[in-house]
Amino acid sequence: MTEAKKLFIKTYGCQMNVYDSERMAQAMGAEGYVLTEVQEDADMVLLNTCHIREKASEKLYSDLGRLKPLKAARPDLKVGVAGCVAQAEGDEIIRRMPLVDIVVGPQAYHRLPQLVRQGGSAVDTEFPAEDKFDHLPERKTEGRPTAFLTVQEGCDKFCAFCVVPYTRGAEVSRPVERLLKEARDLVAKGVRDISLLGQNVNAYHGQGPDGDWTLSRLLREMAAIPGLDRLRYTTSHPNDMDDDLIAAHGDLPALMPYLHLPVQSGSDRILKAMNRKHTAEQYLRLIERLRAARPDLIFSSDFIVGFPGESDADHQATLDLIRAVNFGSAYSFKYSARPGTPAAEKAPVEDEVSDARLQELQALITAQQRATQEAMVGRVVHVLYEKVGRKEGQMLGKSDHLHAVHVDDPTGRIGQMARVKITASMTNSLSAVPVTG
């Protein structure tokens with residue numbers, strides 16, 4: 001019997017990349033590869049990259065540099081680069097790093113097995129006409145109670161700072177029937193919590209049996225699947241939050257009370273420069289409408305600090321918006337130029353100024369996060385156990401509000417939905433004990 005080949009995948013960035021890595025692993029599994037967590041043992045190393053964050057290319061080339069000794073010792077080792085940096089840089093990656101065998105973009109990774117079989121150096125950064133999901137093997141969840149499900153890819157918004165429209169392409173929504181089938185198959189394999197993914201997920205407009213469906217209609221249909229207890233979706237744009245989607249937060253018990261809704265800035269002047277096409281006031285009114293539909297909603301968001309032209313007054317406007325919303329968490333970053341985007345041509349804010357603003361903003365967000373978590377202490381919540389905790393007799397899972405919860409439950413099992421009482425708030429998680437009776 002032929003010994004299985006080993007595949008090591010390093011995933012950078014967003015949840016979409018986590019999903020894509022899982023699908024690439026399954027595609028290569030059909031070629032006889034099994035995953036390994038030890039890079040040195042691998043027959044193939046695949047770096048699945050993200051181009052959103054600062055110095056994404058530099059991080060990739062640094063990691064590739066560390067692979068040189070391994071490739072030199074084992075010339076038959078295959079090295080692949082996938083994802084958005086692969087899409088953006090293409091042949092340049094192999095030119096700079098000849099140790100790389102394969103470069104494949106996020107819309108072409110279904111062709112990865114074919115590229116491996118053909119040997120030599122190969123680059124595929126096309127946007128193929130065929131649906132890559134039609135060419136991927138059936139998903140395996142390996143007993144996990146949670147799963148991501150990509151429903152939409154690409155973005156047509158063209159925010160001035162963002163490379164997604166260039167690396168992921170135009171908005172494309174997957175057909176309704178395929179998504180419902182995949183969701184039912186996941187539930188049949190034990191999945192109880194599904195997060196719908198898209199670069200601009202609430203712009204979903206997939207072809208259904210009677211025309212295009214919106215995200216809210218898709219959510220309502222999925223919520224009716226027996227055994228599917230929880231639904232979430234990310235990432236959204238404020239301009240695509242329509243009336244029916246807002247109403248769905250109040251209508252669907254399975255739609256969890258947590259929403260990631262990026263705003264990026266609280267300054268109308270900066271929002272206009274970012275090409276966001278909404279104002280801070282419109283965002284605040286949207287938050288009000290969502291909370292009216294589901295009062296216990298917890299919000300998270302994204303913020304860019306130091307966008308070109310940002311003044312002290314613009315920064316204060318962002319802090320004012322954060323205070324007005326009271327976020328449960330947020331991701332915040334100092335602006336870094338992405339080549340090819342409109343904002344990259346503008347003069348940056350001085351590093352010292354951006355650093356100071358970022359620290360101030362993050363201190364405010366941290367205080368809000370802590371207050372949100374501390375408010376959970378003493379409450380009884382439902383936690384879906386996802387894995388065994390580090391301590392003996394401990395289970396780890398997520399609450400309805402997406403808080404990580406450590407539960408002292410020696411009899412707990414993965415996939416169990418448990419009623420627990422929150423006993424303490426820690427830095428980024430909660431502690432709890434089971435509630436009996």
# chains A, B, ... in the order shown; residues from 1 in each chain; ligands from 1
>>> closest_atom_pairs(of="segment 218-294 of chain A", to="segment 378-382 of chain A", cutoff="12 Å", atoms="only C-alpha atoms", output="JSON lines")
{"residue": "A:Asp229", "atom": "CA", "partner": "A:His382", "partner_atom": "CA", "distance": 11.0}
{"residue": "A:Arg230", "atom": "CA", "partner": "A:His382", "partner_atom": "CA", "distance": 11.0}
{"residue": "A:Met256", "atom": "CA", "partner": "A:His382", "partner_atom": "CA", "distance": 11.2}
>>> write_last_selection(atoms="C-alpha atoms", output="compact mmCIF listing (two decimals), in the first residue's frame")
# COMPACT_ATOMS: atom_id res chain seq x y z
CA ASP A 229 -29.52 25.48 15.56
CA ARG A 230 -27.39 28.49 14.73
CA MET A 256 -27.50 34.59 16.41
>>> select_by_dssp(residues="segment 11-146 of chain A", states="helix (DSSP H, G or I)", output="number ranges by chain")
A: 15-29, 39-41, 56-73, 84-89, 91-96, 109-118, 132-135
>>> closest_residue(among="A:Leu402, A:Ala122, A:Ala183, A:Ala293", to="His260 of chain A", atoms="only C-alpha atoms")
A:Leu402
>>> closest_residue(among="A:Asn17, A:Gln39, A:Ser121, A:Thr150", to="Val172 of chain A", atoms="only C-alpha atoms")
A:Thr150
>>> closest_residue(among="A:Val420, A:Leu219, A:Ala72, A:Val353", to="Arg232 of chain A", atoms="only C-alpha atoms")
A:Leu219
>>> select_by_dssp(residues="segment 215-267 of chain A", states="strand (DSSP E)", output="MDAnalysis selection string")
chainID A and resid 230:234 258:260
>>> write_last_selection(atoms="N, CA and C atoms", output="CSV table (one decimal), in the first residue's frame")
chain,number,residue,atom,x,y,z
A,230,ARG,N,-28.0,27.2,14.7
A,230,ARG,CA,-27.4,28.5,14.7
A,230,ARG,C,-27.0,28.9,13.3
A,231,LEU,N,-27.2,30.2,13.0
A,231,LEU,CA,-26.8,30.8,11.8
A,231,LEU,C,-26.1,32.1,12.1
A,232,ARG,N,-25.1,32.4,11.3
A,232,ARG,CA,-24.4,33.7,11.4
A,232,ARG,C,-24.0,34.1,10.0
A,233,TYR,N,-23.6,35.3,9.8
A,233,TYR,CA,-23.1,35.7,8.4
A,233,TYR,C,-22.1,36.8,8.6
A,234,THR,N,-21.1,36.8,7.7
A,234,THR,CA,-20.0,37.9,7.7
A,234,THR,C,-19.3,37.8,6.4
A,258,TYR,N,-25.3,38.4,17.1
A,258,TYR,CA,-24.0,39.0,16.9
A,258,TYR,C,-23.8,39.4,15.5
A,259,LEU,N,-23.4,40.6,15.2
A,259,LEU,CA,-23.2,41.1,13.8
A,259,LEU,C,-22.0,41.9,13.6
A,260,HIS,N,-21.1,41.4,12.7
A,260,HIS,CA,-20.0,42.2,12.3
A,260,HIS,C,-20.3,43.1,11.2
>>> closest_residue(among="A:Pro106, A:Pro262, A:Pro113, A:Gly80", to="Glu31 of chain A", atoms="only C-alpha atoms")
A:Pro113
>>> closest_residue(among="A:Val123, A:Ile365, A:Met376, A:Ala147", to="Asp185 of chain A", atoms="only C-alpha atoms")
A:Ala147
>>> residues_around(residues="Asp355 of chain A", least_positions_apart="2", cutoff="12 Å", atoms="only C-alpha atoms", output="short mmCIF file (atom, residue, chain, number, x, y, z; two decimals) with all heavy atoms, in the first residue's frame")
data_model
loop_
_atom_site.label_atom_id
_atom_site.label_comp_id
_atom_site.auth_asym_id
_atom_site.auth_seq_id
_atom_site.Cartn_x
_atom_site.Cartn_y
_atom_site.Cartn_z
N ILE A 304 -10.13 51.72 10.35
CA ILE A 304 -8.84 52.08 9.80
C ILE A 304 -8.45 53.43 10.40
O ILE A 304 -9.20 54.41 10.28
CB ILE A 304 -8.88 52.17 8.27
CG1 ILE A 304 -9.14 50.79 7.66
CG2 ILE A 304 -7.57 52.75 7.72
CD1 ILE A 304 -9.34 50.80 6.17
N VAL A 305 -7.30 53.47 11.03
CA VAL A 305 -6.81 54.68 11.68
C VAL A 305 -5.70 55.28 10.82
O VAL A 305 -4.86 54.55 10.28
CB VAL A 305 -6.28 54.36 13.09
CG1 VAL A 305 -5.63 55.59 13.71
CG2 VAL A 305 -7.41 53.85 13.97
N GLY A 306 -5.70 56.60 10.67
CA GLY A 306 -4.64 57.25 9.92
C GLY A 306 -4.81 57.18 8.42
O GLY A 306 -3.82 57.22 7.68
N PHE A 307 -6.06 57.08 7.94
CA PHE A 307 -6.30 57.11 6.50
C PHE A 307 -5.78 58.44 5.96
O PHE A 307 -5.85 59.47 6.63
CB PHE A 307 -7.80 56.96 6.22
CG PHE A 307 -8.14 56.80 4.77
CD1 PHE A 307 -8.01 55.58 4.14
CD2 PHE A 307 -8.58 57.90 4.02
CE1 PHE A 307 -8.31 55.44 2.79
CE2 PHE A 307 -8.89 57.76 2.68
CZ PHE A 307 -8.76 56.53 2.06
N SER A 332 -9.08 46.82 14.54
CA SER A 332 -8.60 48.15 14.19
C SER A 332 -7.16 48.07 13.73
O SER A 332 -6.35 47.32 14.30
CB SER A 332 -8.73 49.11 15.37
OG SER A 332 -8.11 48.58 16.53
N PHE A 333 -6.84 48.85 12.70
CA PHE A 333 -5.53 48.78 12.07
C PHE A 333 -5.10 50.17 11.65
O PHE A 333 -5.92 51.01 11.28
CB PHE A 333 -5.54 47.86 10.85
CG PHE A 333 -6.01 46.48 11.14
CD1 PHE A 333 -7.36 46.16 11.02
CD2 PHE A 333 -5.12 45.50 11.55
CE1 PHE A 333 -7.80 44.87 11.29
CE2 PHE A 333 -5.56 44.22 11.83
CZ PHE A 333 -6.90 43.90 11.71
N LYS A 334 -3.81 50.39 11.68
CA LYS A 334 -3.24 51.60 11.10
C LYS A 334 -3.25 51.45 9.58
O LYS A 334 -2.90 50.39 9.06
CB LYS A 334 -1.81 51.80 11.63
CG LYS A 334 -1.19 53.11 11.21
CD LYS A 334 0.13 53.35 11.94
CE LYS A 334 1.23 52.43 11.44
NZ LYS A 334 2.55 52.81 11.99
N TYR A 335 -3.66 52.49 8.90
CA TYR A 335 -3.73 52.43 7.44
C TYR A 335 -2.38 52.07 6.83
O TYR A 335 -1.33 52.59 7.23
CB TYR A 335 -4.19 53.77 6.87
CG TYR A 335 -4.08 53.83 5.37
CD1 TYR A 335 -5.01 53.20 4.57
CD2 TYR A 335 -3.01 54.49 4.76
CE1 TYR A 335 -4.89 53.22 3.18
CE2 TYR A 335 -2.88 54.52 3.38
CZ TYR A 335 -3.83 53.87 2.60
OH TYR A 335 -3.71 53.88 1.22
N VAL A 349 -0.65 59.75 6.67
CA VAL A 349 -0.52 60.44 7.95
C VAL A 349 0.79 59.96 8.60
O VAL A 349 1.18 58.80 8.45
CB VAL A 349 -1.73 60.11 8.86
CG1 VAL A 349 -1.54 60.68 10.26
CG2 VAL A 349 -3.01 60.65 8.23
N GLU A 350 1.46 60.85 9.33
CA GLU A 350 2.71 60.48 9.97
C GLU A 350 2.53 59.29 10.90
O GLU A 350 1.53 59.17 11.59
CB GLU A 350 3.27 61.67 10.78
CG GLU A 350 3.66 62.87 9.93
CD GLU A 350 2.49 63.79 9.65
OE1 GLU A 350 1.34 63.39 9.94
OE2 GLU A 350 2.72 64.90 9.14
N ASP A 351 3.54 58.40 10.91
CA ASP A 351 3.47 57.18 11.71
C ASP A 351 3.21 57.46 13.18
O ASP A 351 2.40 56.78 13.82
CB ASP A 351 4.76 56.37 11.57
CG ASP A 351 4.78 55.52 10.30
OD1 ASP A 351 3.70 55.36 9.70
OD2 ASP A 351 5.85 55.04 9.93
N GLU A 352 3.90 58.46 13.74
CA GLU A 352 3.74 58.73 15.17
C GLU A 352 2.31 59.13 15.49
O GLU A 352 1.76 58.74 16.52
CB GLU A 352 4.69 59.84 15.62
CG GLU A 352 6.13 59.71 15.12
CD GLU A 352 6.29 60.32 13.73
OE1 GLU A 352 6.27 61.57 13.61
OE2 GLU A 352 6.45 59.54 12.78
N VAL A 353 1.70 59.92 14.59
CA VAL A 353 0.32 60.36 14.79
C VAL A 353 -0.62 59.16 14.69
O VAL A 353 -1.51 58.98 15.54
CB VAL A 353 -0.06 61.45 13.78
CG1 VAL A 353 -1.53 61.82 13.89
CG2 VAL A 353 0.81 62.69 13.97
N ARG A 357 -3.07 57.56 17.64
CA ARG A 357 -4.52 57.45 17.43
C ARG A 357 -4.98 56.01 17.56
O ARG A 357 -6.05 55.73 18.12
CB ARG A 357 -4.89 58.00 16.05
CG ARG A 357 -4.76 59.50 15.94
CD ARG A 357 -5.05 59.97 14.51
NE ARG A 357 -4.84 61.41 14.38
CZ ARG A 357 -4.83 62.07 13.22
NH1 ARG A 357 -5.01 61.40 12.09
NH2 ARG A 357 -4.64 63.37 13.19
N LEU A 358 -4.20 55.08 17.02
CA LEU A 358 -4.57 53.67 17.12
C LEU A 358 -4.61 53.22 18.57
O LEU A 358 -5.54 52.50 18.98
CB LEU A 358 -3.59 52.81 16.32
CG LEU A 358 -3.89 51.31 16.28
CD1 LEU A 358 -5.24 51.04 15.62
CD2 LEU A 358 -2.80 50.56 15.53
N GLN A 359 -3.63 53.61 19.36
CA GLN A 359 -3.62 53.23 20.77
C GLN A 359 -4.84 53.78 21.50
O GLN A 359 -5.45 53.09 22.32
CB GLN A 359 -2.34 53.74 21.44
CG GLN A 359 -1.08 52.98 21.00
CD GLN A 359 0.17 53.49 21.68
OE1 GLN A 359 0.10 54.09 22.75
NE2 GLN A 359 1.32 53.28 21.06
N GLU A 360 -5.22 55.02 21.20
CA GLU A 360 -6.38 55.62 21.85
C GLU A 360 -7.66 54.89 21.46
O GLU A 360 -8.51 54.60 22.30
CB GLU A 360 -6.48 57.11 21.48
CG GLU A 360 -7.57 57.85 22.22
CD GLU A 360 -7.61 59.33 21.88
OE1 GLU A 360 -7.00 59.74 20.87
OE2 GLU A 360 -8.27 60.08 22.63
N LEU A 361 -7.79 54.60 20.17
CA LEU A 361 -8.99 53.89 19.70
C LEU A 361 -9.06 52.49 20.29
O LEU A 361 -10.12 52.05 20.77
CB LEU A 361 -8.97 53.84 18.17
CG LEU A 361 -10.20 53.21 17.49
CD1 LEU A 361 -10.48 53.92 16.16
CD2 LEU A 361 -9.98 51.72 17.22
N GLN A 362 -7.94 51.78 20.30
CA GLN A 362 -7.96 50.41 20.82
C GLN A 362 -8.24 50.37 22.31
O GLN A 362 -8.89 49.44 22.81
CB GLN A 362 -6.65 49.71 20.48
CG GLN A 362 -6.51 49.39 19.00
CD GLN A 362 -5.23 48.67 18.64
OE1 GLN A 362 -4.24 48.73 19.37
NE2 GLN A 362 -5.23 47.99 17.51
#
>>> residues_around(residues="Met417 of chain A", least_positions_apart="2", cutoff="10 Å", atoms="only C-alpha atoms", output="ChimeraX atom specification")
/A:145,192,229,382-386,397-399,412-415,419-420
>>> closest_residue(among="A:Ala313, A:Asn275, A:Gly13, A:Asp41", to="Arg74 of chain A", atoms="only C-alpha atoms")
A:Asp41
>>> residues_around(residues="Thr318 of chain A", least_positions_apart="6", cutoff="10 Å", atoms="only C-alpha atoms", output="VMD selection string")
chain A and resid 263 to 268 270 280 303 to 305 312 324 361
